[in-house]
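Everything below belongs to work04.cif, which stores mmCIF, C-alpha atoms and all ligand atoms.
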```cif
data_input
loop_
_atom_site.label_atom_id
_atom_site.label_comp_id
_atom_site.auth_asym_id
_atom_site.auth_seq_id
_atom_site.Cartn_x
_atom_site.Cartn_y
_atom_site.Cartn_z
CA MET A 1 126.78 104.78 156.78
CA LYS A 2 123.54 106.67 156.43
CA ILE A 3 122.62 107.23 152.80
CA THR A 4 121.87 110.85 153.67
CA ASP A 5 125.56 111.23 154.56
CA ILE A 6 126.39 110.33 150.96
CA PHE A 7 123.86 112.95 149.81
CA LYS A 8 125.56 115.54 152.00
CA LYS A 9 128.71 115.07 149.93
CA ASN A 10 126.56 116.04 146.94
CA GLN A 11 127.30 112.71 145.27
CA LYS A 12 125.04 110.66 143.08
CA THR A 13 124.26 107.20 144.43
CA PHE A 14 124.43 103.88 142.60
CA SER A 15 122.65 101.04 144.29
CA PHE A 16 121.52 97.49 143.63
CA GLU A 17 118.46 95.69 144.91
CA PHE A 18 118.23 91.96 145.68
CA PHE A 19 115.60 89.63 147.06
CA PRO A 20 116.28 86.73 149.43
CA PRO A 21 116.94 83.50 147.51
CA LYS A 22 114.27 80.81 147.82
CA ASP A 23 116.41 77.66 147.71
CA LEU A 24 119.98 76.42 147.71
CA HIS A 25 120.40 76.74 143.96
CA SER A 26 119.30 80.37 143.93
CA ALA A 27 121.37 81.00 147.06
CA VAL A 28 124.54 79.99 145.22
CA ARG A 29 123.58 82.14 142.22
CA PHE A 30 122.80 84.99 144.58
CA GLY A 31 126.26 84.68 146.16
CA VAL A 32 127.98 84.78 142.77
CA ASN A 33 125.94 87.77 141.69
CA ALA A 34 126.45 89.67 144.91
CA GLY A 35 130.17 88.94 144.76
CA GLN A 36 130.39 90.49 141.29
CA LEU A 37 129.11 93.73 142.71
CA MET A 38 131.90 94.11 145.20
CA LYS A 39 134.31 95.46 142.60
CA LEU A 40 131.78 98.15 141.65
CA ASP A 41 131.75 99.56 145.16
CA PRO A 42 128.07 100.59 145.08
CA SER A 43 126.80 103.39 147.32
CA PHE A 44 124.47 100.85 148.91
CA VAL A 45 122.67 97.57 148.26
CA SER A 46 119.16 96.75 149.40
CA VAL A 47 117.26 93.59 150.26
CA THR A 48 113.52 93.26 149.76
CA TYR A 49 111.22 92.10 152.52
CA GLY A 50 108.24 89.81 152.18
CA ALA A 51 107.88 90.32 148.42
CA GLY A 52 107.29 87.11 146.45
CA GLY A 53 106.61 85.14 149.63
CA SER A 54 110.06 85.48 151.22
CA SER A 55 110.17 85.40 155.00
CA ARG A 56 111.32 87.99 157.48
CA ASP A 57 114.15 85.74 158.61
CA ASN A 58 115.48 85.19 155.07
CA SER A 59 115.42 88.88 154.41
CA PHE A 60 117.19 89.83 157.64
CA GLU A 61 119.74 87.06 157.12
CA MET A 62 120.62 88.52 153.71
CA VAL A 63 120.84 92.00 155.20
CA ASP A 64 123.22 90.71 157.85
CA LEU A 65 125.32 88.87 155.26
CA PHE A 66 125.56 91.92 152.99
CA HIS A 67 126.27 94.34 155.77
CA ASN A 68 128.45 92.44 158.19
CA ASP A 69 130.14 89.75 156.08
CA MET A 70 130.42 91.39 152.66
CA LYS A 71 130.80 94.90 154.10
CA PHE A 72 128.32 96.56 151.76
CA ASN A 73 126.36 99.53 153.02
CA CYS A 74 123.01 97.74 153.21
CA MET A 75 119.48 99.08 153.33
CA ALA A 76 116.84 96.72 154.74
CA HIS A 77 113.36 96.91 153.21
CA TYR A 78 110.50 96.49 155.64
CA THR A 79 106.71 96.41 155.22
CA CYS A 80 103.88 97.04 157.68
CA VAL A 81 101.14 94.80 156.27
CA ASN A 82 99.83 92.89 159.30
CA ALA A 83 102.68 94.17 161.51
CA THR A 84 101.88 95.14 165.12
CA HIS A 85 103.65 97.84 167.13
CA GLU A 86 105.35 95.09 169.07
CA LYS A 87 106.65 93.30 165.97
CA ILE A 88 107.87 96.52 164.39
CA ALA A 89 109.73 97.45 167.59
CA TYR A 90 111.32 94.00 167.75
CA ASP A 91 112.34 94.06 164.09
CA MET A 92 113.73 97.60 164.21
CA ARG A 93 115.80 96.71 167.27
CA THR A 94 117.09 93.61 165.45
CA LEU A 95 118.22 95.76 162.50
CA GLN A 96 119.72 98.32 164.85
CA ASP A 97 121.67 95.59 166.65
CA MET A 98 122.99 94.37 163.29
CA GLY A 99 124.43 97.83 162.71
CA ILE A 100 122.02 98.76 159.92
CA ASP A 101 121.69 102.51 159.31
CA ASN A 102 119.20 102.53 156.43
CA VAL A 103 115.69 101.17 156.05
CA MET A 104 113.27 101.34 153.11
CA LEU A 105 109.81 101.54 154.69
CA LEU A 106 106.83 100.37 152.69
CA ARG A 107 103.27 99.33 153.17
CA GLY A 108 103.59 96.09 151.19
CA ASP A 109 100.73 94.32 149.44
CA SER A 110 97.94 92.01 150.44
CA PRO A 111 99.03 88.38 150.69
CA GLU A 112 95.97 87.59 148.54
CA LYS A 113 96.45 88.48 144.88
CA ASN A 114 94.43 91.44 143.58
CA LYS A 115 92.91 92.11 146.99
CA SER A 116 93.37 95.34 148.88
CA CYS A 117 95.43 95.25 152.05
CA PRO A 118 93.61 94.00 155.14
CA PRO A 119 93.24 96.66 157.89
CA ASN A 120 96.33 96.64 160.06
CA PRO A 121 95.68 95.36 163.62
CA ASP A 122 97.44 98.38 165.16
CA GLY A 123 96.23 100.99 162.66
CA ILE A 124 99.51 101.18 160.71
CA ASN A 125 97.77 101.15 157.36
CA TYR A 126 100.09 103.16 155.16
CA ALA A 127 103.81 103.49 154.67
CA SER A 128 103.55 107.00 156.16
CA ASP A 129 102.24 105.53 159.47
CA LEU A 130 105.24 103.20 159.60
CA ILE A 131 107.68 105.95 158.65
CA ARG A 132 106.34 108.27 161.38
CA LEU A 133 106.59 105.53 164.00
CA VAL A 134 110.15 104.57 163.06
CA LYS A 135 111.31 108.18 162.72
CA GLN A 136 110.06 109.00 166.21
CA ASN A 137 111.70 106.02 167.87
CA TYR A 138 114.85 105.07 165.96
CA ASP A 139 117.81 106.69 164.30
CA PHE A 140 117.57 105.24 160.79
CA CYS A 141 117.94 106.97 157.46
CA ILE A 142 114.57 106.25 155.84
CA GLY A 143 113.81 105.54 152.18
CA ALA A 144 110.30 105.13 150.74
CA GLY A 145 108.63 104.14 147.47
CA ALA A 146 107.44 106.53 144.74
CA TYR A 147 105.45 105.86 141.57
CA PRO A 148 106.12 107.94 138.44
CA GLU A 149 103.15 106.31 136.69
CA LYS A 150 100.96 106.48 139.84
CA HIS A 151 100.46 103.72 142.39
CA PHE A 152 97.89 101.28 141.04
CA GLU A 153 95.44 101.85 143.93
CA ALA A 154 95.55 105.65 143.90
CA PRO A 155 92.48 107.23 142.27
CA SER A 156 94.61 109.96 140.68
CA MET A 157 98.22 111.14 140.40
CA GLU A 158 97.22 114.21 142.43
CA GLU A 159 96.10 112.05 145.37
CA ASP A 160 99.17 109.85 145.09
CA LEU A 161 101.36 112.96 145.24
CA ILE A 162 99.50 114.24 148.30
CA ASN A 163 100.22 110.88 149.93
CA LEU A 164 103.86 111.12 148.85
CA ARG A 165 104.07 114.48 150.61
CA ILE A 166 102.61 112.84 153.74
CA LYS A 167 105.46 110.29 153.59
CA ALA A 168 108.01 113.08 153.23
CA ASP A 169 106.50 114.97 156.17
CA ALA A 170 106.41 111.79 158.25
CA GLY A 171 110.19 111.51 157.88
CA ALA A 172 111.16 109.85 154.58
CA ASP A 173 114.69 111.07 153.81
CA PHE A 174 114.58 110.00 150.16
CA PHE A 175 112.50 108.08 147.64
CA VAL A 176 113.24 105.32 145.15
CA THR A 177 110.86 104.97 142.24
CA GLN A 178 109.06 102.01 140.84
CA MET A 179 110.61 100.89 137.54
CA PHE A 180 109.68 102.85 134.42
CA PHE A 181 110.81 102.59 130.80
CA ASP A 182 110.05 106.04 129.51
CA ASN A 183 111.96 108.85 131.23
CA LYS A 184 109.23 111.36 130.56
CA TYR A 185 107.25 109.79 133.42
CA TYR A 186 110.16 110.39 135.78
CA TRP A 187 110.71 114.04 134.82
CA ASP A 188 106.98 114.84 134.94
CA PHE A 189 106.67 113.16 138.30
CA LEU A 190 109.72 114.92 139.68
CA ASN A 191 108.37 118.31 138.66
CA LYS A 192 105.00 117.57 140.21
CA ALA A 193 106.63 116.32 143.42
CA ARG A 194 108.72 119.50 143.64
CA GLN A 195 105.56 121.56 143.10
CA LYS A 196 104.06 119.73 146.08
CA GLY A 197 107.02 120.94 148.15
CA ILE A 198 108.78 117.57 148.32
CA LYS A 199 112.48 118.36 148.49
CA ALA A 200 113.94 114.89 149.13
CA ARG A 201 115.92 113.07 146.47
CA ILE A 202 113.85 110.87 144.19
CA ILE A 203 116.14 108.16 142.82
CA PRO A 204 115.03 106.44 139.62
CA GLY A 205 114.56 102.67 139.89
CA ILE A 206 115.89 100.96 136.77
CA ILE A 207 115.37 97.46 135.49
CA PRO A 208 117.60 96.36 132.62
CA ILE A 209 115.48 94.11 130.39
CA ASN A 210 116.89 90.57 130.37
CA SER A 211 113.87 88.72 129.15
CA TYR A 212 110.99 90.06 127.09
CA LYS A 213 108.51 87.64 128.62
CA GLN A 214 109.55 88.49 132.17
CA ILE A 215 109.48 92.21 131.60
CA LYS A 216 105.96 92.03 130.17
CA LYS A 217 104.92 90.28 133.37
CA PHE A 218 106.58 92.93 135.56
CA SER A 219 105.00 95.66 133.52
CA GLU A 220 101.57 94.15 134.19
CA ILE A 221 102.26 93.81 137.92
CA SER A 222 103.82 97.24 138.43
CA GLY A 223 101.81 99.27 135.94
CA ALA A 224 105.01 100.50 134.23
CA LYS A 225 104.14 100.97 130.57
CA ILE A 226 106.46 99.53 127.93
CA PRO A 227 106.73 102.07 125.08
CA GLU A 228 105.73 100.91 121.61
CA SER A 229 109.29 101.52 120.38
CA ILE A 230 110.57 98.86 122.81
CA HIS A 231 107.90 96.35 121.74
CA LYS A 232 108.89 96.95 118.12
CA LYS A 233 112.55 96.26 118.83
CA MET A 234 111.97 93.23 121.02
CA GLU A 235 108.96 91.43 119.57
CA PRO A 236 110.79 90.10 116.46
CA LYS A 237 113.70 88.84 118.61
CA LYS A 238 111.66 87.51 121.51
CA ASP A 239 112.89 83.92 121.06
CA ASN A 240 116.55 84.90 120.88
CA PRO A 241 117.79 85.51 124.46
CA SER A 242 121.19 86.91 123.49
CA GLU A 243 119.63 89.41 121.06
CA ILE A 244 117.08 90.43 123.70
CA TYR A 245 119.92 90.86 126.20
CA LYS A 246 121.81 93.16 123.81
CA ILE A 247 118.73 95.21 122.97
CA GLY A 248 117.81 95.44 126.66
CA LEU A 249 121.31 96.58 127.60
CA ASP A 250 121.41 99.24 124.86
CA LEU A 251 118.01 100.55 125.92
CA ALA A 252 119.06 100.69 129.56
CA ILE A 253 122.32 102.51 128.69
CA GLU A 254 120.31 105.06 126.71
CA GLN A 255 117.78 105.48 129.52
CA CYS A 256 120.37 105.79 132.29
CA SER A 257 122.64 108.16 130.37
CA ASP A 258 119.69 110.44 129.73
CA LEU A 259 118.72 110.37 133.40
CA LEU A 260 122.22 111.09 134.66
CA GLU A 261 122.99 113.78 132.13
CA ASN A 262 119.77 115.57 132.92
CA GLY A 263 120.36 115.63 136.65
CA ALA A 264 118.93 112.47 138.21
CA PRO A 265 120.49 112.05 141.66
CA GLY A 266 121.68 108.49 140.98
CA LEU A 267 120.32 105.13 139.88
CA HIS A 268 118.84 102.21 141.78
CA PHE A 269 119.09 98.95 139.82
CA TYR A 270 116.53 96.21 140.31
CA THR A 271 118.88 93.28 139.71
CA LEU A 272 116.31 90.47 140.09
CA ASN A 273 119.29 88.64 141.59
CA ARG A 274 120.91 88.49 138.14
CA SER A 275 123.69 90.96 138.32
CA ARG A 276 125.13 90.47 134.82
CA ALA A 277 122.92 93.09 133.16
CA ALA A 278 123.28 95.49 136.07
CA VAL A 279 127.06 95.06 136.13
CA ASP A 280 127.37 95.42 132.33
CA LEU A 281 125.18 98.49 132.43
CA TYR A 282 127.04 100.07 135.31
CA GLU A 283 130.42 99.44 133.67
CA HIS A 284 129.21 101.00 130.45
CA LEU A 285 128.02 104.09 132.30
CA ALA A 286 131.23 104.23 134.30
CA LYS A 287 133.28 104.65 131.11
CA ASP A 288 131.94 108.18 130.95
CA TRP A 289 131.61 108.35 134.63
CA ASP A 290 134.97 109.87 135.58
CA VAL A 291 134.06 112.89 133.55
CA LEU A 292 130.50 112.87 134.80
CA LYS A 293 131.60 112.36 138.39
CA GLU A 294 133.80 115.44 138.29
CA LYS A 295 131.07 117.42 136.62
CA TYR A 296 128.37 116.40 139.06
CA LYS A 297 130.58 116.61 142.13
CA GLN A 298 130.50 120.35 141.69
CA SER A 299 126.78 120.46 141.25
CA CYS A 300 124.31 117.61 141.05
CA THR A 301 121.65 119.99 139.93
CA PRO A 302 121.50 120.72 136.21
CA HIS A 303 117.77 121.23 136.53
CA VAL A 304 116.67 119.21 139.49
CA PRO A 305 116.89 120.71 142.95
CA PHE A 306 117.67 117.92 145.40
P1 LIG B 401 101.88 103.64 150.55
O1 LIG B 401 102.77 104.80 150.45
O2 LIG B 401 101.22 103.39 151.85
O3 LIG B 401 100.77 103.80 149.40
C1 LIG B 401 99.88 102.74 149.06
C2 LIG B 401 98.63 103.33 148.44
O4 LIG B 401 97.86 103.99 149.44
C3 LIG B 401 98.88 104.39 147.36
O5 LIG B 401 97.89 104.27 146.38
C4 LIG B 401 98.77 105.70 148.10
O6 LIG B 401 98.39 106.78 147.25
C5 LIG B 401 97.70 105.37 149.13
N1 LIG B 401 97.87 106.11 150.39
C6 LIG B 401 99.03 106.36 151.05
N2 LIG B 401 98.78 107.04 152.18
C7 LIG B 401 97.44 107.23 152.24
C8 LIG B 401 96.56 107.86 153.17
N3 LIG B 401 97.05 108.44 154.28
N4 LIG B 401 95.23 107.86 152.91
C9 LIG B 401 94.75 107.27 151.79
N5 LIG B 401 95.52 106.66 150.87
C10 LIG B 401 96.85 106.62 151.10
N6 LIG B 401 106.96 95.37 148.51
C11 LIG B 401 107.30 94.38 149.38
O7 LIG B 401 106.45 93.60 149.79
N7 LIG B 401 108.59 94.25 149.81
C12 LIG B 401 109.59 95.08 149.39
O8 LIG B 401 110.73 94.93 149.79
C13 LIG B 401 109.26 96.12 148.47
N8 LIG B 401 110.20 97.00 148.03
C14 LIG B 401 109.82 98.06 147.22
C15 LIG B 401 110.78 99.00 146.87
C16 LIG B 401 110.42 100.10 146.08
C17 LIG B 401 111.46 101.11 145.71
C18 LIG B 401 109.08 100.24 145.64
C19 LIG B 401 108.69 101.42 144.78
C20 LIG B 401 108.13 99.30 145.98
C21 LIG B 401 108.47 98.20 146.78
N9 LIG B 401 107.54 97.25 147.20
C22 LIG B 401 107.89 96.23 148.05
C23 LIG B 401 106.17 97.31 146.69
C24 LIG B 401 105.22 98.11 147.64
O9 LIG B 401 105.08 97.43 148.86
C25 LIG B 401 103.87 98.21 146.93
O10 LIG B 401 103.99 99.02 145.78
C26 LIG B 401 102.69 98.64 147.78
O11 LIG B 401 101.50 98.44 147.01
C27 LIG B 401 102.71 100.11 148.19
O12 LIG B 401 103.68 100.37 149.07
P2 LIG B 401 104.01 101.90 149.54
O13 LIG B 401 104.98 101.82 150.61
O14 LIG B 401 104.32 102.72 148.35
O15 LIG B 401 102.56 102.27 150.13
#
```
Please go through the file and, once you have read it, give me the structure as structure tokens.
Ligand code: FAD
Amino acid sequence: MKITDIFKKNQKTFSFEFFPPKDLHSAVRFGVNAGQLMKLDPSFVSVTYGAGGSSRDNSFEMVDLFHNDMKFNCMAHYTCVNATHEKIAYDMRTLQDMGIDNVMLLRGDSPEKNKSCPPNPDGINYASDLIRLVKQNYDFCIGAGAYPEKHFEAPSMEEDLINLRIKADAGADFFVTQMFFDNKYYWDFLNKARQKGIKARIIPGIIPINSYKQIKKFSEISGAKIPESIHKKMEPKKDNPSEIYKIGLDLAIEQCSDLLENGAPGLHFYTLNRSRAAVDLYEHLAKDWDVLKEKYKQSCTPHVPF
């Protein structure tokens, strides 16, 4: 099912992102984690492509497993770094043949750390080039990335927003954001995107904090700032995993409740292939959700037009 068909019902979406497991051990853990999600009946799940050194085949295999064996509505991520027209056509046909309706189209990053992306052999240098190409030739619902704290390469938020508009005009049907820990970045970004005439849904990407060390690393990589209040809560407990888990879960519940109550169109959870936090978080939110669901079914738009 196309994700835009869920939007047409004016429903919020709840989705979970995975990456392809690297070895047998992580494959088993992945299976257990993915299985736990089945009872939650998410709007869709997604599988990353190429990130962290995973191969195209691993990614597509996971997409196939999710979509055709586990019967999730699955969105395949895809990046254009180094991809030729021929490869893109082949890969899009493969996804089409698998029955996939949704793709998340991204530029990707340079295989060499801290280097800018090499020029693409066929001139497909930005996500917008890929989105345009796929929109013109295939019938996918297309998601794209958005950066509430600005993409790290963009010289300014203004230029990043202009480029976001180019992605929307090229055919992106919706956006999912990079993780962020302070909702003010999301609301500011949303307002600015609306001012630029971008009407598509912008779904917040959420990462429940499982490990203080790991989250500091992600924050460095992604540019998502960790507010001082979170450091203050976590620093004294950093060597106590169960305390960190509890603090992380409480923070995520607070963050997600605020987003939903104020009109965010759904939540996309970065699970890092560890579904426990995402499942616990989702179940917590769902306690209030029957009421919220009814409320938002009527109108998903307390103050956000989407
Ligand atoms: P783009 O939209 O192309 O933007 C990249 C940079 O170029 C930005 O600074 C932008 O402002 C600038 N730019 C864009 N268009 C133009 C233009 N026409 N002229 C000049 N400058 C321009 N990576 C993976 O490898 N695999 C994944 O599966 C994956 N999944 C992701 C999922 C989400 C939701 C997000 C937010 C990111 C994901 N990423 C993934 C990371 C992503 O590939 C990187 O953040 C990458 O650096 C940028 O990708 P993009 O699609 O946003 O690029």
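Distances from A:Arg29, A:Arg56, A:His67, A:His151 to ligand LIG 401 (chain B) were compared using all atoms listed in the file, and the smallest one belongs to A:His151.
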Let me make sure I understand: among A:Ala83, A:Ile206, A:Ala200, A:Val103, which one has the smallest atom-to-atom distance to Thr271 in chain A if we use all atoms listed in the file?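 Checking each of A:Ala83, A:Ile206, A:Ala200, A:Val103 against Thr271 in chain A, counting all atoms listed in the file, the winner is A:Ile206.
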Restricting the calculation to all atoms listed in the file: of A:Thr84, A:Leu259, A:Ser116, A:Asp250, which residue gets closest to Phe152 in chain A?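 Once distances to Phe152 in chain A are computed over all atoms listed in the file, the minimum belongs to A:Ser116.
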Tell me, as a tab-separated table (two decimals) with C-alpha atoms, in the frame of the given file, which residues lie within 8 Å of Ala34 in chain A, counting all atoms listed in the file; anything in the same chain fewer than 4 positions away does not count.
```
chain	number	residue	atom	x	y	z
A	30	PHE	CA	122.80	84.99	144.58
A	38	MET	CA	131.90	94.11	145.20
A	273	ASN	CA	119.29	88.64	141.59
A	275	SER	CA	123.69	90.96	138.32
```
Counting all atoms listed in the file, find residues at most 12 Å from (127.6, 99.2, 146.9) (file frame) and give them as a PyMOL selection string. chain A and resi 1+3+6+13-18+34-46+66-67+70-75+267-269+279+282
Padding 3 Å on each side, edges along x, y and z: where is the centre of the box around the listed atoms of range 142-147 of chain A, and how long are its edges in Å to one decimal? Output it as AutoDock Vina command-line options.
```
--center_x 110.0 --center_y 105.3 --center_z 148.7 --size_x 15.1 --size_y 8.4 --size_z 20.3
```
Find the residues of chain A that sit at most 7 Å from ligand LIG 401 (chain B); for each, write down the nearest two atoms and how far apart they are in Å, to one decimal. Count only C-alpha atoms and all ligand atoms. Sort by chain, then by number going up, and give it as a Markdown table.
```
| residue | atom | partner | partner_atom | distance |
| --- | --- | --- | --- | --- |
| A:Val47 | CA | B:LIG401 | O8 | 6.7 |
| A:Thr48 | CA | B:LIG401 | O8 | 3.3 |
| A:Tyr49 | CA | B:LIG401 | O8 | 4.0 |
| A:Gly50 | CA | B:LIG401 | O7 | 4.8 |
| A:Ala51 | CA | B:LIG401 | O7 | 3.8 |
| A:His77 | CA | B:LIG401 | O8 | 4.7 |
| A:Tyr78 | CA | B:LIG401 | O8 | 6.1 |
| A:Thr79 | CA | B:LIG401 | O7 | 6.1 |
| A:Leu105 | CA | B:LIG401 | O13 | 6.3 |
| A:Leu106 | CA | B:LIG401 | O13 | 3.1 |
| A:Arg107 | CA | B:LIG401 | O13 | 4.0 |
| A:Gly108 | CA | B:LIG401 | O9 | 3.1 |
| A:Asp109 | CA | B:LIG401 | O11 | 4.8 |
| A:Asn125 | CA | B:LIG401 | O2 | 6.9 |
| A:Tyr126 | CA | B:LIG401 | O2 | 3.5 |
| A:Ala127 | CA | B:LIG401 | O2 | 3.8 |
| A:Ser128 | CA | B:LIG401 | O2 | 6.1 |
| A:Ala144 | CA | B:LIG401 | O13 | 6.3 |
| A:Gly145 | CA | B:LIG401 | C19 | 3.8 |
| A:Ala146 | CA | B:LIG401 | C19 | 5.3 |
| A:Tyr147 | CA | B:LIG401 | C19 | 6.4 |
| A:His151 | CA | B:LIG401 | O5 | 4.8 |
| A:Phe152 | CA | B:LIG401 | O5 | 6.1 |
| A:Glu153 | CA | B:LIG401 | O5 | 4.2 |
| A:Ala154 | CA | B:LIG401 | O5 | 3.7 |
| A:Glu159 | CA | B:LIG401 | O6 | 6.0 |
| A:Asp160 | CA | B:LIG401 | O6 | 3.8 |
| A:Asn163 | CA | B:LIG401 | N2 | 4.7 |
| A:Leu164 | CA | B:LIG401 | O1 | 6.6 |
| A:Lys167 | CA | B:LIG401 | O1 | 6.9 |
| A:Val176 | CA | B:LIG401 | C17 | 4.6 |
| A:Thr177 | CA | B:LIG401 | C19 | 4.9 |
| A:Gln178 | CA | B:LIG401 | C19 | 4.0 |
| A:Gly205 | CA | B:LIG401 | C17 | 6.8 |
```
Have a look at CA of Pro118 in chain A and CA of Asn82 in chain A and let me know their distance in Å, one decimal.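 Computing the Euclidean distance for CA of Pro118 in chain A and CA of Asn82 in chain A yields 7.6 Å.
For the pair CA of Gly266 in chain A and CA of Ile247 in chain A, the interatomic distance is 22.6 Å.
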Which residue of A:Ile215, A:Ala277, A:Ala193, A:Asp64 approaches Ser242 in chain A most closely, using only C-alpha atoms: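 So, comparing all the options, the nearest one is A:Ala277.
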For a test of reading the model, state the distance in Å between CA of Ile88 in chain A and CA of Arg165 in chain A, rounded to one decimal.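 So the answer is 23.0 Å.
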